[in-house]
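As structure tokens, the structure follows; a few thoughts come after it.
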Amino acid sequence: MVSSTVHAGARLDRLPTSRFHRRILWLIGGGMFLDSFDIYLAGGVLGALTRSGWSSMTLNAAFLSSTFIGMLIGAFTAGILGDAKGRKFTYQFNLAIFGLASLAGAFAPNMTWLIVCRFFMGLGLGAEIVVGYGSIGEFIPPAVRGRWSAYLSLITNSALFFSTFLGYLLIPAIGWRAMFALVGVGAMIVWLLRKKMPESPRWLESKGRLDEADAILKNIEAETAEGRELPPIVEPAGTPIRATTLGTTLGSLFRPPLLRRTVLAVTIQIAINVVIYGFIVWVPTFLMKQGLGVASSLGYSTLMSLGGPAGALIGVLIADRIGRKNGLIGIAVLAAIVGWLYGNSSSVGMATLLGFTLFTLTYLMVALGIATYIPELFATENRMRANGIAGSAGRLSGIVAPQLVVLMYVSGGIKDVLSIISGALVLMVAVLVIFGVETNRRSLEEIAAVSDVESLHQPAAELPGN
């Protein structure tokens with residue numbers, strides 16, 4: 001009888017981390033870094049465009065909304081393509097789209113054309129996030145999966161600092177167009193480097209392409225072993241129940257038992273995106289509306305943006321120690337409190353300190369929630385679709401948040417804006433308490449195989465570290 005499996009999950013999970021894993025991290029991380037850079041350059045660019053009279057608060061909101069409409073479509077499409085055509089095809093396709101659109105944006109003759117270019121940038125940006133965070137965990141052993149996903153988040157969100165810092169240096173000196181040009185050229189370079197990145201063996205196995213999966217696995221094993229004996233293959237507990245028991249179609253994500261996981265993933269995405277796109281990308285504009293010049297506002301924003309890599313770095317240190325569910329609950333509560341304090345701060349110095357803290361907590365939630373937790377909740381066969389659905393919900397909140405910011409800022413100032421953010425975080429805490437399950441230090445196959453009322457509520461068995 002011909003075997004119907006190559007044990008891709010078990011073979012990958014028993015490998016010690018090695019040069020192969022580091023290469024995968026940097027190949028995925030390169031595209032994710034540029035993706036994040038492209039998203040966050042909006043704050044500095046829009047602030048400068050407003051100051052020069054090229055744009056207005058209304059046009060700025062349209063720019064941000066066009067970004068998120070594109071990201072919404074891109075995230076959903078990437079989820080479908082990622083599960084149907086593979087991880088590699090999808091991340092190369094979307095990287096090319098946002099790279100070429102960024103180059104076009106550098107030559108936009110007016111704000112209307114820039115908004116159109118930004119929509120096409122958004123198509124690629126939304127897809128990159130879905131596939132990047134969804135793919136990394138398929139290669140990493142469960143004992144350190146949280147740490148390596150947080151590494152990817154660290155690489156990705158370090159772009160927040162570099163984007164604001166380069167904006168601080170370049171925008172006042174040579175203009176905003178250089179920001180888009182940098183991203184476009186960088187994306188094309190990464191696209192060439194990633195052509196040699198392997199497809200996910202887990203995905204190939206799920207499609208019955210066993211010979212291809214086995215060939216890639218043998219190459220990975222040989223590179224990792226470097227002549228040494230590898231640990232034995234051990235199938236994790238729970239895998240006798242096939243992942244297909246829980247459903248692997250798009251529709252199954254909206255029916256029990258997967259519905260609760262979908263609700264959980266969607267809520268996490270919405271809450272975190274409300275914080276990012278309802279506050280963080282608006283910081284330079286808020287400061288300029290308070291009377292600071294372009295250079296000063298970008299300088300303070302740069303200091304706050306150091307919280308991006310700081311939050312991801314904390315995620316590296318704690319992701320596999322405190323778990324995903326309880327960690328997200330505690331961090332969200334702290335972020336809601338800090339958001340309220342920021343809205344009531346009375347000096348630029350205090351606002352900068354609280355802003356840095358809120359940046360840090362936000363990107364710690366990204367590391368634990370978006371980068372790690374959401375992709376873990378679903379089986380290989382529908383991991384990208386689920387990630388795409390959750391990402392699309394996050395993008396919807398990104399479309400709505402800028403419009404709400406304009407309305408709330410006009411009516412009540414920064415305090416009213418921060419009240420929306422705190423409310424979204426409180427909602428996330430409530431949903432985590434009700435529907436949250438623990439995935440820490442478990443194989444992806446085990447997580448997919450068991451029901452939410454079974455062992456996912458119990459602590460995982462201690463696994464050897466890597």
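In the structure tokens, chains take letters A, B, ... by order of appearance, with residues numbered from 1 within each chain and ligands from 1 in the order shown.
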Next on the checklist: Using DSSP assignments from the backbone, pull out every residue in region 11-241 of chain A that falls under helix (DSSP H, G or I) and give it to me as a ChimeraX atom specification.
Outcome noted: /A:11-13,19-52,57-84,87-105,111-136,142-174,177-196,201-206,210-225
Mind running region 314-431 of chain A against region 247-269 of chain A at 9 Å and telling me each contacting residue's nearest atom pair with the distance in Å (one decimal), counting only C-alpha atoms, chain and number ascending, as a tab-separated table?
```
residue	atom	partner	partner_atom	distance
A:Met365	CA	A:Ile268	CA	8.9
A:Val366	CA	A:Gln269	CA	8.8
A:Gly369	CA	A:Ile268	CA	6.8
A:Ile370	CA	A:Gln269	CA	6.8
A:Tyr373	CA	A:Ala265	CA	8.3
A:Ile374	CA	A:Ala265	CA	5.5
A:Pro375	CA	A:Ala265	CA	8.7
A:Leu377	CA	A:Arg261	CA	6.7
A:Phe378	CA	A:Arg261	CA	8.0
A:Ala379	CA	A:Thr248	CA	7.3
A:Thr380	CA	A:Thr248	CA	8.5
A:Glu381	CA	A:Thr248	CA	5.7
A:Asn382	CA	A:Thr248	CA	5.3
A:Arg383	CA	A:Thr248	CA	8.8
A:Arg385	CA	A:Leu250	CA	6.7
A:Ala386	CA	A:Leu253	CA	7.0
A:Asn387	CA	A:Ala265	CA	7.9
A:Ile389	CA	A:Val266	CA	7.3
A:Ala390	CA	A:Val266	CA	4.4
A:Gly391	CA	A:Gln269	CA	6.4
A:Ser392	CA	A:Val266	CA	8.4
A:Ala393	CA	A:Val266	CA	5.9
A:Gly394	CA	A:Gln269	CA	4.8
A:Arg395	CA	A:Gln269	CA	8.4
A:Ser397	CA	A:Gln269	CA	8.6
A:Ala424	CA	A:Thr267	CA	8.8
A:Leu425	CA	A:Ile268	CA	8.7
A:Leu427	CA	A:Thr267	CA	7.8
A:Met428	CA	A:Thr267	CA	5.9
A:Val429	CA	A:Ile268	CA	8.9
A:Val431	CA	A:Leu264	CA	6.4
```
Select from region 175-274 of chain A every residue with an atom at most 8 Å from any atom of region 35-58 of chain A, then for each give the shortest pair of atoms and their distance in Å to one decimal, using only C-alpha atoms, rows by chain and rising number, as JSON lines.
```
{"residue": "A:Trp176", "atom": "CA", "partner": "A:Val45", "partner_atom": "CA", "distance": 5.7}
{"residue": "A:Met179", "atom": "CA", "partner": "A:Leu41", "partner_atom": "CA", "distance": 7.0}
{"residue": "A:Phe180", "atom": "CA", "partner": "A:Asp38", "partner_atom": "CA", "distance": 7.2}
{"residue": "A:Val183", "atom": "CA", "partner": "A:Asp38", "partner_atom": "CA", "distance": 6.4}
```
Got time to write the residues from that selection, N, CA and C atoms, as a PDB file, in the first residue's frame?
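again-v2.pdb, written as the output of this step:
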```
ATOM      1  N   TRP A 176       9.180  63.635  -0.049  1.00  0.00           N
ATOM      2  CA  TRP A 176       8.558  62.359   0.316  1.00  0.00           C
ATOM      3  C   TRP A 176       8.717  61.278  -0.745  1.00  0.00           C
ATOM      4  N   MET A 179      10.930  58.119  -0.258  1.00  0.00           N
ATOM      5  CA  MET A 179      10.485  57.031   0.615  1.00  0.00           C
ATOM      6  C   MET A 179       9.885  55.890  -0.204  1.00  0.00           C
ATOM      7  N   PHE A 180       9.024  56.233  -1.165  1.00  0.00           N
ATOM      8  CA  PHE A 180       8.421  55.206  -2.006  1.00  0.00           C
ATOM      9  C   PHE A 180       9.455  54.551  -2.926  1.00  0.00           C
ATOM     10  N   VAL A 183      11.450  51.779  -1.091  1.00  0.00           N
ATOM     11  CA  VAL A 183      10.694  50.537  -0.919  1.00  0.00           C
ATOM     12  C   VAL A 183      10.632  49.757  -2.226  1.00  0.00           C
TER      13      VAL A 183
END
```
Checklist entry - Any idea what the distance is between CA of Phe435 (chain A) and CA of Ala271 (chain A)? => result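 Spanning CA of Phe435 (chain A) to CA of Ala271 (chain A) is a straight-line distance of 15.4 Å.
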Checklist entry - Using only C-alpha atoms, which of A:Ala187, A:Leu432, A:Leu160, A:Cys117 sits nearest Gln92 (chain A)? => result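 When distances to Gln92 (chain A) are compared using only C-alpha atoms, the smallest one comes from A:Ala187.
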Checklist entry - Which is closest to Gly315 (chain A) among A:Ile155, A:Ile220, A:Val338, A:Leu210, if we use only C-alpha atoms? => result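 When distances to Gly315 (chain A) are compared using only C-alpha atoms, the smallest one comes from A:Ile155.
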Would you list the contacts of Val190 (chain A) as a PDB file with C-alpha atoms, in the first residue's frame, taking every protein, DNA or RNA residue within 9 Å and counting only C-alpha atoms, but skipping same-chain residues closer than 2 positions in sequence?
```pdb
ATOM      1  CA  LEU A  27      14.000  35.588   3.394  1.00  0.00           C
ATOM      2  CA  GLY A  30      13.083  40.849   4.155  1.00  0.00           C
ATOM      3  CA  GLY A  31       9.742  41.137   2.399  1.00  0.00           C
ATOM      4  CA  LEU A  95       5.934  41.222  -3.261  1.00  0.00           C
ATOM      5  CA  VAL A 185      13.898  49.078  -5.267  1.00  0.00           C
ATOM      6  CA  GLY A 186      14.254  47.052  -2.065  1.00  0.00           C
ATOM      7  CA  ALA A 187      11.224  44.890  -2.906  1.00  0.00           C
ATOM      8  CA  MET A 188      12.637  43.949  -6.295  1.00  0.00           C
ATOM      9  CA  LEU A 192      15.095  37.936  -6.623  1.00  0.00           C
ATOM     10  CA  LEU A 193      16.614  36.549  -3.415  1.00  0.00           C
ATOM     11  CA  ARG A 194      13.422  34.684  -2.453  1.00  0.00           C
ATOM     12  CA  LYS A 195      13.160  32.761  -5.733  1.00  0.00           C
TER      13      LYS A 195
END
```
Checklist entry - In Å, how far is it from CA of Ile189 (chain A) to CA of Trp203 (chain A)? => result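 Those two atoms sit 26.1 Å apart.
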